[in-house]
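K.L.:
Pasting query_34.txt below, which is compact mmCIF, C-alpha atoms.
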```
# COMPACT_ATOMS: atom_id res chain seq x y z
CA MET H 1053 62.88 95.70 -157.87
CA GLU H 1054 60.82 93.61 -160.27
CA PRO H 1055 57.46 93.05 -158.47
CA ASN H 1056 57.40 89.29 -159.11
CA VAL H 1057 60.90 88.88 -157.68
CA ARG H 1058 59.94 91.01 -154.68
CA PHE H 1059 56.89 88.85 -154.07
CA TRP H 1060 58.70 85.51 -154.13
CA ILE H 1061 61.55 86.80 -151.95
CA THR H 1062 59.38 88.38 -149.26
CA GLU H 1063 56.62 85.76 -149.22
CA ARG H 1064 58.51 82.88 -147.60
CA GLN H 1065 55.86 80.29 -148.25
CA SER H 1066 55.62 76.68 -147.16
CA PHE H 1067 54.83 73.90 -149.65
CA ILE H 1068 51.10 74.11 -148.82
CA GLN H 1069 51.08 77.88 -149.27
CA ARG H 1070 52.88 77.59 -152.59
CA PHE H 1071 50.43 74.90 -153.70
CA LEU H 1072 47.43 77.08 -152.89
CA GLN H 1073 49.10 80.00 -154.63
CA TRP H 1074 49.70 77.99 -157.79
CA THR H 1075 46.10 76.75 -157.89
CA GLU H 1076 45.15 80.40 -158.39
CA LEU H 1077 47.93 81.20 -160.86
CA LEU H 1078 47.01 78.16 -162.98
CA ASP H 1079 43.46 79.44 -163.47
CA PRO H 1080 42.73 79.10 -167.24
CA THR H 1081 41.30 82.64 -167.29
CA ASN H 1082 44.90 83.86 -166.90
CA LEU H 1083 45.40 82.85 -170.53
CA VAL H 1084 42.87 85.37 -171.82
CA ILE H 1085 43.75 88.44 -169.74
CA SER H 1086 44.14 91.51 -171.94
CA ILE H 1087 47.49 93.28 -172.13
CA GLU H 1088 45.83 96.46 -170.91
CA LYS H 1089 44.66 94.79 -167.69
CA ILE H 1090 48.10 93.27 -167.11
CA GLU H 1091 49.79 96.65 -167.57
CA LYS H 1092 47.38 98.29 -165.12
CA SER H 1093 48.05 95.56 -162.57
CA ARG H 1094 51.79 95.95 -162.98
CA GLN H 1095 51.56 99.70 -162.56
CA LEU H 1096 49.57 99.23 -159.36
CA LEU H 1097 52.24 96.92 -157.94
CA LEU H 1098 55.08 99.22 -159.01
CA THR H 1099 53.48 102.18 -157.25
CA ASN H 1100 52.67 100.18 -154.12
CA GLU H 1101 55.98 98.58 -153.19
CA ASN H 1102 54.65 97.46 -149.82
CA ALA H 1103 51.70 95.67 -151.40
CA SER H 1104 51.37 92.09 -150.17
CA ILE H 1105 49.28 89.17 -151.27
CA HIS H 1106 47.96 89.15 -147.72
CA ASP H 1107 46.24 92.53 -148.16
CA LEU H 1108 42.91 90.76 -147.88
CA GLU H 1109 40.93 93.98 -147.70
CA ASP H 1110 42.22 95.18 -151.06
CA GLN H 1111 40.79 92.99 -153.80
CA SER H 1112 42.56 95.00 -156.49
CA ILE H 1113 45.97 94.19 -154.99
CA GLN H 1114 45.19 90.47 -154.88
CA GLU H 1115 44.02 90.50 -158.49
CA ALA H 1116 47.08 92.49 -159.56
CA TRP H 1117 49.44 89.92 -158.02
CA LYS H 1118 47.55 87.07 -159.67
CA ARG H 1119 47.79 88.68 -163.11
CA SER H 1120 51.43 89.67 -162.73
CA LEU H 1121 52.72 86.36 -161.36
CA SER H 1122 50.88 84.29 -163.98
CA THR H 1123 51.76 86.31 -167.08
CA VAL H 1124 55.08 88.15 -166.59
CA HIS H 1125 58.60 86.67 -166.55
CA PRO H 1126 60.45 87.70 -163.35
CA ASP H 1127 63.87 88.04 -165.02
CA ASN H 1128 63.11 90.39 -167.90
CA SER H 1129 59.62 91.73 -166.97
CA LYS H 1130 58.33 90.65 -170.39
CA LEU H 1131 54.96 89.06 -171.06
CA ILE H 1132 55.07 85.28 -171.35
CA PRO H 1133 53.46 84.15 -174.65
CA VAL H 1134 49.92 82.92 -174.01
CA LEU H 1135 50.55 79.36 -175.21
CA PHE H 1136 53.47 78.95 -172.81
CA ARG H 1137 52.15 80.53 -169.63
CA PRO H 1138 52.05 78.14 -166.65
CA ALA H 1139 48.26 77.85 -166.98
CA ALA H 1140 48.68 76.45 -170.52
CA LEU H 1141 50.79 73.46 -169.50
CA LEU H 1142 47.87 71.24 -168.44
CA PRO H 1143 45.55 71.66 -171.47
CA PHE H 1144 48.44 71.20 -173.91
CA THR H 1145 50.37 68.34 -172.32
CA ALA H 1146 47.58 66.21 -170.81
CA PRO H 1147 46.43 64.88 -174.24
CA MET H 1148 50.09 64.30 -175.20
CA VAL H 1149 50.70 62.29 -172.02
CA PHE H 1150 47.58 60.23 -172.73
CA LEU H 1151 48.62 59.49 -176.32
CA SER H 1152 52.13 58.59 -175.17
CA LEU H 1153 50.64 55.84 -173.00
CA VAL H 1154 48.51 54.29 -175.74
CA SER H 1155 49.85 50.92 -176.87
CA VAL H 1156 50.90 51.09 -180.52
CA LYS H 1157 52.62 48.70 -182.88
CA SER H 1158 54.02 51.05 -185.52
CA LEU H 1159 56.70 53.70 -185.57
CA LYS H 1160 54.44 56.31 -187.17
CA SER H 1161 51.92 56.05 -184.34
CA MET H 1162 54.66 56.76 -181.79
CA ILE H 1163 56.47 59.63 -183.48
CA LEU H 1164 53.70 62.25 -183.53
CA PRO H 1165 52.82 62.13 -179.78
CA GLN H 1166 56.51 62.09 -178.83
CA LEU H 1167 57.37 64.92 -181.22
CA SER H 1168 54.48 67.04 -179.95
CA PHE H 1169 55.35 66.34 -176.31
CA CYS H 1170 59.06 67.09 -176.70
CA THR H 1171 58.54 70.19 -178.85
CA TYR H 1172 56.01 71.83 -176.54
CA ASN H 1173 57.96 71.04 -173.38
CA THR H 1174 61.19 72.34 -174.90
CA ALA H 1175 59.58 75.66 -175.78
CA PHE H 1176 57.88 75.84 -172.36
CA ASN H 1177 61.13 75.16 -170.51
CA ILE H 1178 63.15 77.68 -172.51
CA ILE H 1179 60.56 80.45 -172.21
CA ASN H 1180 59.90 79.89 -168.51
CA GLY H 1181 63.49 79.15 -167.56
CA ASN H 1182 65.99 81.64 -166.20
CA ALA H 1183 66.49 84.53 -168.63
CA SER H 1184 69.11 86.54 -166.75
CA TYR H 1185 72.09 85.42 -168.85
CA ASN H 1186 72.94 86.52 -172.40
CA ARG H 1187 71.98 84.23 -175.25
CA ARG H 1188 71.64 84.91 -178.95
CA PRO H 1189 68.49 83.88 -180.88
CA TYR H 1190 70.37 81.30 -182.95
CA GLU H 1191 71.73 79.73 -179.76
CA THR H 1192 68.21 79.33 -178.43
CA VAL H 1193 67.14 77.67 -181.69
CA LEU H 1194 70.10 75.27 -181.66
CA VAL H 1195 69.56 74.33 -178.00
CA GLY H 1196 65.86 73.82 -178.64
CA ALA H 1197 66.47 71.61 -181.67
CA GLY H 1198 69.04 69.59 -179.76
CA ALA H 1199 66.70 69.16 -176.78
CA ILE H 1200 63.86 67.96 -179.02
CA ALA H 1201 66.10 65.50 -180.89
CA SER H 1202 67.77 64.07 -177.78
CA THR H 1203 64.57 63.65 -175.77
CA MET H 1204 62.77 62.07 -178.72
CA PHE H 1205 65.65 59.60 -179.01
CA PHE H 1206 65.42 58.64 -175.34
CA GLY H 1207 61.65 58.44 -175.64
CA LEU H 1208 61.42 56.33 -178.78
CA VAL H 1209 64.28 53.84 -178.43
CA PRO H 1210 62.86 51.93 -175.42
CA ARG H 1211 59.45 51.70 -177.10
CA LEU H 1212 61.02 50.45 -180.35
CA LEU H 1213 62.93 47.79 -178.44
CA GLN H 1214 59.70 46.76 -176.79
CA ILE H 1215 58.03 46.29 -180.18
CA LYS H 1216 61.03 44.55 -181.78
CA PHE H 1217 61.56 42.00 -179.02
CA GLY H 1218 57.87 41.63 -178.25
CA LEU H 1219 58.09 41.95 -174.47
CA THR H 1220 55.31 39.87 -172.95
CA ASN H 1221 55.91 40.53 -169.26
CA ILE H 1222 52.92 42.64 -168.20
CA VAL H 1223 54.90 44.52 -165.54
CA ILE H 1224 57.52 45.63 -168.07
CA ARG H 1225 54.92 46.50 -170.70
CA LYS H 1226 52.98 48.68 -168.28
CA THR H 1227 55.86 50.32 -166.43
CA LEU H 1228 58.13 51.02 -169.41
CA PRO H 1229 55.97 53.85 -170.88
CA VAL H 1230 55.72 55.43 -167.41
CA VAL H 1231 59.46 55.31 -166.82
CA VAL H 1232 60.18 56.60 -170.33
CA LEU H 1233 57.78 59.54 -169.98
CA ALA H 1234 59.21 60.54 -166.59
CA GLN H 1235 62.74 60.25 -167.98
CA VAL H 1236 61.89 62.33 -171.07
CA GLY H 1237 60.32 65.05 -168.91
CA GLY H 1238 63.45 65.35 -166.77
CA ILE H 1239 65.96 65.12 -169.62
CA ASN H 1240 64.05 67.71 -171.62
CA ALA H 1241 64.27 70.23 -168.76
CA VAL H 1242 68.03 69.64 -168.45
CA ALA H 1243 68.70 69.78 -172.20
CA SER H 1244 66.57 72.84 -172.97
CA ARG H 1245 68.12 74.83 -170.11
CA SER H 1246 71.67 73.58 -170.58
CA PHE H 1247 73.13 77.10 -170.85
CA GLU H 1248 72.28 77.98 -167.25
CA PRO H 1249 74.86 75.71 -165.55
CA VAL H 1250 77.46 76.72 -168.15
CA ARG H 1251 77.10 80.49 -168.27
CA GLY H 1252 75.67 81.03 -164.82
CA ILE H 1253 72.55 82.90 -163.71
CA GLU H 1254 72.06 86.04 -161.69
CA VAL H 1255 72.19 85.77 -157.91
CA MET H 1256 70.88 88.70 -155.88
CA ASP H 1257 70.50 89.89 -152.32
CA LYS H 1258 67.16 90.33 -150.56
CA GLU H 1259 66.86 93.84 -152.03
CA GLY H 1260 67.13 92.53 -155.57
CA ASN H 1261 70.65 93.85 -156.17
CA VAL H 1262 72.55 91.55 -158.55
CA ILE H 1263 75.77 90.26 -156.95
CA GLY H 1264 77.03 88.24 -159.89
CA TYR H 1265 76.48 85.22 -162.12
CA SER H 1266 76.72 81.76 -160.61
CA ARG H 1267 77.09 78.47 -162.45
CA LYS H 1268 76.36 76.61 -159.22
CA ALA H 1269 73.05 78.41 -158.81
CA GLY H 1270 72.27 77.62 -162.46
CA THR H 1271 73.00 73.95 -161.86
CA LYS H 1272 70.73 73.89 -158.82
CA ALA H 1273 67.93 75.68 -160.67
CA VAL H 1274 67.98 73.18 -163.54
CA LYS H 1275 68.30 70.18 -161.23
CA ASP H 1276 65.31 71.22 -159.11
CA THR H 1277 63.17 71.94 -162.18
CA ALA H 1278 64.10 68.58 -163.77
CA THR H 1279 63.15 66.81 -160.54
CA SER H 1280 59.76 68.52 -160.54
CA ARG H 1281 59.17 67.43 -164.16
CA VAL H 1282 60.00 63.80 -163.34
CA VAL H 1283 57.49 63.89 -160.48
CA LEU H 1284 54.87 65.58 -162.66
CA PHE H 1285 55.00 63.33 -165.70
CA GLY H 1286 55.92 60.14 -163.84
CA THR H 1287 52.94 60.39 -161.48
CA SER H 1288 50.61 61.59 -164.25
CA ALA H 1289 51.51 58.49 -166.28
CA LEU H 1290 51.60 55.96 -163.43
CA ILE H 1291 48.20 56.52 -161.84
CA PRO H 1292 46.17 56.20 -165.10
CA GLU H 1293 48.03 52.96 -165.86
CA VAL H 1294 47.19 51.58 -162.41
CA PHE H 1295 43.59 52.71 -162.85
CA SER H 1296 43.38 50.96 -166.27
CA TYR H 1297 44.83 47.75 -164.86
CA TYR H 1298 42.13 47.44 -162.20
CA TYR H 1299 39.34 48.83 -164.36
CA LYS H 1300 39.86 46.04 -166.92
CA ARG H 1301 38.96 43.55 -164.19
CA THR H 1302 35.51 45.04 -163.60
CA GLN H 1303 32.21 43.85 -165.02
CA PHE H 1304 31.53 47.33 -166.39
CA PHE H 1305 34.59 47.08 -168.66
CA LEU H 1306 33.46 43.68 -169.95
CA ARG H 1307 30.13 45.21 -170.93
CA TYR H 1308 31.52 48.48 -172.26
CA PRO H 1309 35.15 47.93 -173.33
CA ASN H 1310 35.27 51.16 -175.34
CA SER H 1311 34.73 53.15 -172.15
CA LEU H 1312 38.35 52.49 -171.14
CA TRP H 1313 39.85 55.24 -173.31
CA THR H 1314 37.36 57.89 -172.17
CA LEU H 1315 37.89 57.08 -168.51
CA LYS H 1316 41.67 56.82 -168.91
CA LEU H 1317 41.82 60.23 -170.59
CA SER H 1318 39.65 61.70 -167.84
CA CYS H 1319 41.91 60.11 -165.22
CA THR H 1320 45.02 61.52 -166.92
CA ILE H 1321 43.58 65.05 -167.00
CA PHE H 1322 42.42 64.79 -163.37
CA VAL H 1323 45.78 63.53 -162.10
CA MET H 1324 47.73 66.12 -164.09
CA GLY H 1325 45.35 68.80 -162.81
CA LEU H 1326 46.54 67.93 -159.30
CA MET H 1327 50.16 67.26 -160.13
CA VAL H 1328 50.91 70.47 -162.04
CA PRO H 1329 50.48 72.72 -158.96
CA VAL H 1330 52.17 70.06 -156.80
CA SER H 1331 55.23 69.92 -159.07
CA PHE H 1332 55.43 73.72 -159.36
CA SER H 1333 55.29 73.93 -155.55
CA LEU H 1334 58.03 71.41 -154.76
CA PHE H 1335 60.66 74.15 -154.86
CA PRO H 1336 60.28 77.94 -154.40
CA GLN H 1337 60.06 80.03 -157.57
CA ILE H 1338 62.88 82.22 -156.27
CA GLY H 1339 65.44 79.82 -154.82
CA ARG H 1340 67.69 80.50 -151.86
CA ILE H 1341 71.32 79.45 -151.65
CA GLN H 1342 73.97 79.96 -148.98
CA TYR H 1343 76.80 82.18 -150.19
CA SER H 1344 79.31 79.60 -148.93
CA LYS H 1345 78.07 77.24 -151.67
CA LEU H 1346 78.73 79.75 -154.44
CA GLU H 1347 81.86 80.69 -156.38
CA LYS H 1348 84.62 82.52 -154.51
CA GLU H 1349 84.27 85.66 -156.61
CA ILE H 1350 80.65 85.96 -155.51
CA GLN H 1351 81.51 85.28 -151.87
CA SER H 1352 84.04 88.11 -151.95
CA ALA H 1353 81.50 90.51 -153.51
CA THR H 1354 78.96 90.44 -150.66
CA GLU H 1355 78.56 90.08 -146.94
CA GLU H 1356 75.10 88.52 -147.26
CA THR H 1357 74.91 84.95 -145.98
CA GLU H 1358 71.92 84.04 -148.17
CA LEU H 1359 71.41 84.93 -151.82
CA PHE H 1360 68.52 84.43 -154.23
CA TYR H 1361 68.07 83.32 -157.84
CA ASN H 1362 65.18 82.69 -160.18
CA ARG H 1363 64.67 78.92 -160.46
CA GLY H 1364 62.17 79.23 -163.28
CA VAL H 1365 59.02 77.18 -163.74
```
Can the structure from this file be put into structure tokens for me?

P.N.:
Amino acid sequence: MEPNVRFWITERQSFIQRFLQWTELLDPTNLVISIEKIEKSRQLLLTNENASIHDLEDQSIQEAWKRSLSTVHPDNSKLIPVLFRPAALLPFTAPMVFLSLVSVKSLKSMILPQLSFCTYNTAFNIINGNASYNRRPYETVLVGAGAIASTMFFGLVPRLLQIKFGLTNIVIRKTLPVVVLAQVGGINAVASRSFEPVRGIEVMDKEGNVIGYSRKAGTKAVKDTATSRVVLFGTSALIPEVFSYYYKRTQFFLRYPNSLWTLKLSCTIFVMGLMVPVSFSLFPQIGRIQYSKLEKEIQSATEETELFYNRGV
């Protein structure tokens, strides 16, 4: 069985345990691990099938799990490209979230942050999504292009309407960018992984044996991931806006008005730094689903009452 799948199936973690686990996996040093070290770690885990993350006395086992879980895709055992590993999400998207919240009055100033945000998130979602079903390269390109175009549309139209009609209500002006960003994050996850509910994803027993392909499991995987993205980007946009609103009422802002952007950027990075592991921990990496909720052909193929699938990140 793929070591990463074995880990997530056997380690039935609570939300707090998953959160603590992700704080380690999101360590930026995981972006610069050499391929040689990753291969050695994988070999160690493959030759020690009973190895657990709780083997506190064996530092090499702990380090091997950290390297494997943070750099290798559980479906195909391939290395995740450095720029799209889970640890890369914060440094790449935090500036994009900040720029998406900046008040602008021209179309050109809005397009670049939205395009960057949608493009990176589309690639991240596709690469870290479920990879157990067959898809051709051109299909991936078409789905990616469609996801970028559709999410940019949903992201830009509300902002353009705001500029055209000159909305003056402060509540609408402040909440609209937050709602739009949360919506774009969720829609992007759904659009970029749209094949999973259509073609189905692998469901397996506790030993890792593939029972079949389930569209219902694919739907659940995409839905849970989209929910986590809404929570991530919605919260990461809301708190800096609330902070800015109250900060503008302070004497310090009146004396140093230019400090707002520095502090707002710092607040965005800080909040996202907390919310990325929170959002990744909302649902288990390897999801569980009762066989009674799956297709009849899968129910007839096993006597297991609980099956597993890779939700993706």

K.L.:
Give the answer as one residue: which of H:Pro1143, H:Pro1189, H:Pro1309, H:Pro1138 has the shortest atom-to-atom distance to Phe1322 of chain H, using all atoms listed in the file?

P.N.:
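Checking each of H:Pro1143, H:Pro1189, H:Pro1309, H:Pro1138 against Phe1322 of chain H, counting all atoms listed in the file, the winner is H:Pro1143.
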
K.L.:
Quick one: of H:Val1231, H:Ala1243, H:Ile1341, H:Ile1321, who's nearest to Leu1194 of chain H, counting all atoms listed in the file?

P.N.:
H:Ala1243

K.L.:
So which residues touch Ile1291 of chain H within 10 Å, counting only C-alpha atoms, skipping near sequence neighbours fewer than 4 positions away, as a compact mmCIF listing (two decimals) with C-alpha atoms, keeping the file's coordinate frame?

P.N.:
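Now in out29.txt:
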```
# COMPACT_ATOMS: atom_id res chain seq x y z
CA VAL H 1230 55.72 55.43 -167.41
CA GLY H 1286 55.92 60.14 -163.84
CA THR H 1287 52.94 60.39 -161.48
CA PHE H 1295 43.59 52.71 -162.85
CA SER H 1296 43.38 50.96 -166.27
CA TYR H 1297 44.83 47.75 -164.86
CA LYS H 1316 41.67 56.82 -168.91
CA CYS H 1319 41.91 60.11 -165.22
CA THR H 1320 45.02 61.52 -166.92
CA VAL H 1323 45.78 63.53 -162.10
CA MET H 1324 47.73 66.12 -164.09
```

K.L.:
Around the point (61.6, 95.8, -160.7) (coordinates from the file), which residues reach within 9 Å if we count all atoms listed in the file? Answer as a PyMOL selection string.

P.N.:
chain H and resi 1053-1058+1098+1126+1129+1260

K.L.:
Here is a test: counting all atoms listed in the file, which residue of H:Ser1122, H:Thr1314, H:Thr1062, H:Thr1302 is nearest to Asp1257 of chain H?

P.N.:
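For Asp1257 of chain H, the nearest of the given residues is H:Thr1062.
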
K.L.:
To one decimal place, how far is atom CA of Gly1339 of chain H from atom CA of Ala1269 of chain H in Å?

P.N.:
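Computed distance, atom CA of Gly1339 of chain H to atom CA of Ala1269 of chain H, equals 8.7 Å.
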
K.L.:
Figure out the distance between atom CA of Phe1360 of chain H and atom CA of Leu1096 of chain H, please, to one decimal in Å.

P.N.:
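Value for the atom CA of Leu1096 of chain H-atom CA of Phe1360 of chain H distance: 24.6 Å.
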
K.L.:
Select, from H:Ile1350, H:Val1154, H:Ile1179, H:Ala1116, the residue with the minimum atom-to-atom distance to Ile1085 of chain H, counting all atoms listed in the file.

P.N.:
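Once distances to Ile1085 of chain H are computed over all atoms listed in the file, the minimum belongs to H:Ala1116.
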
K.L.:
How many Å lie between atom CA of Lys1092 of chain H and atom CA of Phe1136 of chain H, rounded to one decimal?

P.N.:
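Computing it gives 21.7 Å between the two atoms.
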
K.L.:
Between H:Thr1123, H:Arg1301, H:Tyr1172, H:Arg1225, which has the minimum distance to Ile1087 of chain H (counting all atoms listed in the file)?

P.N.:
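Once distances to Ile1087 of chain H are computed over all atoms listed in the file, the minimum belongs to H:Thr1123.
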
K.L.:
From the list H:Val1223, H:Leu1141, H:Leu1164, H:Ile1239, which residue is nearest Gly1198 of chain H when using only C-alpha atoms?

P.N.:
H:Ile1239

K.L.:
If you count all atoms listed in the file, which residues fall within 10 Å of Asp1127 of chain H, apart from same-chain ones fewer than 4 positions away, as a list of chain:residue names?

P.N.:
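Answer for this query is H:Glu1054, H:Asn1056, H:Val1057, H:Asn1180, H:Gly1181, H:Asn1182, H:Ala1183, H:Ser1184, H:Tyr1185, H:Glu1254, H:Tyr1361, H:Asn1362, H:Gly1364.
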
K.L.:
In the coordinate frame of the file, compute which residues have an atom within 7 Å of (76.6, 82.0, -165.6) when using all atoms listed in the file, and state them as an mmCIF file with C-alpha atoms, keeping the file's coordinate frame.

P.N.:
```cif
data_model
loop_
_atom_site.group_PDB
_atom_site.id
_atom_site.type_symbol
_atom_site.label_atom_id
_atom_site.label_comp_id
_atom_site.auth_asym_id
_atom_site.auth_seq_id
_atom_site.Cartn_x
_atom_site.Cartn_y
_atom_site.Cartn_z
ATOM 1 C CA TYR H 1185 72.090 85.420 -168.850
ATOM 2 C CA GLU H 1248 72.280 77.980 -167.250
ATOM 3 C CA PRO H 1249 74.860 75.710 -165.550
ATOM 4 C CA VAL H 1250 77.460 76.720 -168.150
ATOM 5 C CA ARG H 1251 77.100 80.490 -168.270
ATOM 6 C CA GLY H 1252 75.670 81.030 -164.820
ATOM 7 C CA ILE H 1253 72.550 82.900 -163.710
ATOM 8 C CA TYR H 1265 76.480 85.220 -162.120
ATOM 9 C CA SER H 1266 76.720 81.760 -160.610
ATOM 10 C CA ARG H 1267 77.090 78.470 -162.450
ATOM 11 C CA GLY H 1270 72.270 77.620 -162.460
#
```

K.L.:
Would you kindly return, as a list in words, each protein, DNA or RNA residue with an atom no farther than 6 Å from any atom of Arg1363 of chain H, considering all atoms listed in the file and excluding same-chain residues fewer than 4 positions away?

P.N.:
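Everything that qualifies: Ala1273, Gln1337, Ile1338 and Gly1339 of chain H.
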
K.L.:
Any chance you could work out the axis-aligned box around segment 1185-1192 of chain H, listed atoms only, 3 Å on each side, giving centre and edge lengths in Å to one decimal, as lines of an AutoDock Vina configuration file?

P.N.:
```
center_x = 70.6
center_y = 82.9
center_z = -175.9
size_x = 10.7
size_y = 13.2
size_z = 20.1
```

K.L.:
Which polymer residues have any atom within 8 Å of an atom of segment 1199-1212 of chain H, counting all atoms listed in the file, with same-chain residues fewer than 5 positions away left out, as an mmCIF file with C-alpha atoms, in the frame of the given file?

P.N.:
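result01.cif was written with the following content:
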```cif
data_model
loop_
_atom_site.group_PDB
_atom_site.id
_atom_site.type_symbol
_atom_site.label_atom_id
_atom_site.label_comp_id
_atom_site.auth_asym_id
_atom_site.auth_seq_id
_atom_site.Cartn_x
_atom_site.Cartn_y
_atom_site.Cartn_z
ATOM 1 C CA LEU H 1159 56.700 53.700 -185.570
ATOM 2 C CA MET H 1162 54.660 56.760 -181.790
ATOM 3 C CA ILE H 1163 56.470 59.630 -183.480
ATOM 4 C CA GLN H 1166 56.510 62.090 -178.830
ATOM 5 C CA LEU H 1167 57.370 64.920 -181.220
ATOM 6 C CA CYS H 1170 59.060 67.090 -176.700
ATOM 7 C CA THR H 1171 58.540 70.190 -178.850
ATOM 8 C CA THR H 1174 61.190 72.340 -174.900
ATOM 9 C CA LEU H 1228 58.130 51.020 -169.410
ATOM 10 C CA PRO H 1229 55.970 53.850 -170.880
ATOM 11 C CA VAL H 1232 60.180 56.600 -170.330
ATOM 12 C CA LEU H 1233 57.780 59.540 -169.980
ATOM 13 C CA GLN H 1235 62.740 60.250 -167.980
ATOM 14 C CA VAL H 1236 61.890 62.330 -171.070
ATOM 15 C CA ILE H 1239 65.960 65.120 -169.620
ATOM 16 C CA ASN H 1240 64.050 67.710 -171.620
ATOM 17 C CA ALA H 1243 68.700 69.780 -172.200
ATOM 18 C CA SER H 1244 66.570 72.840 -172.970
#
```
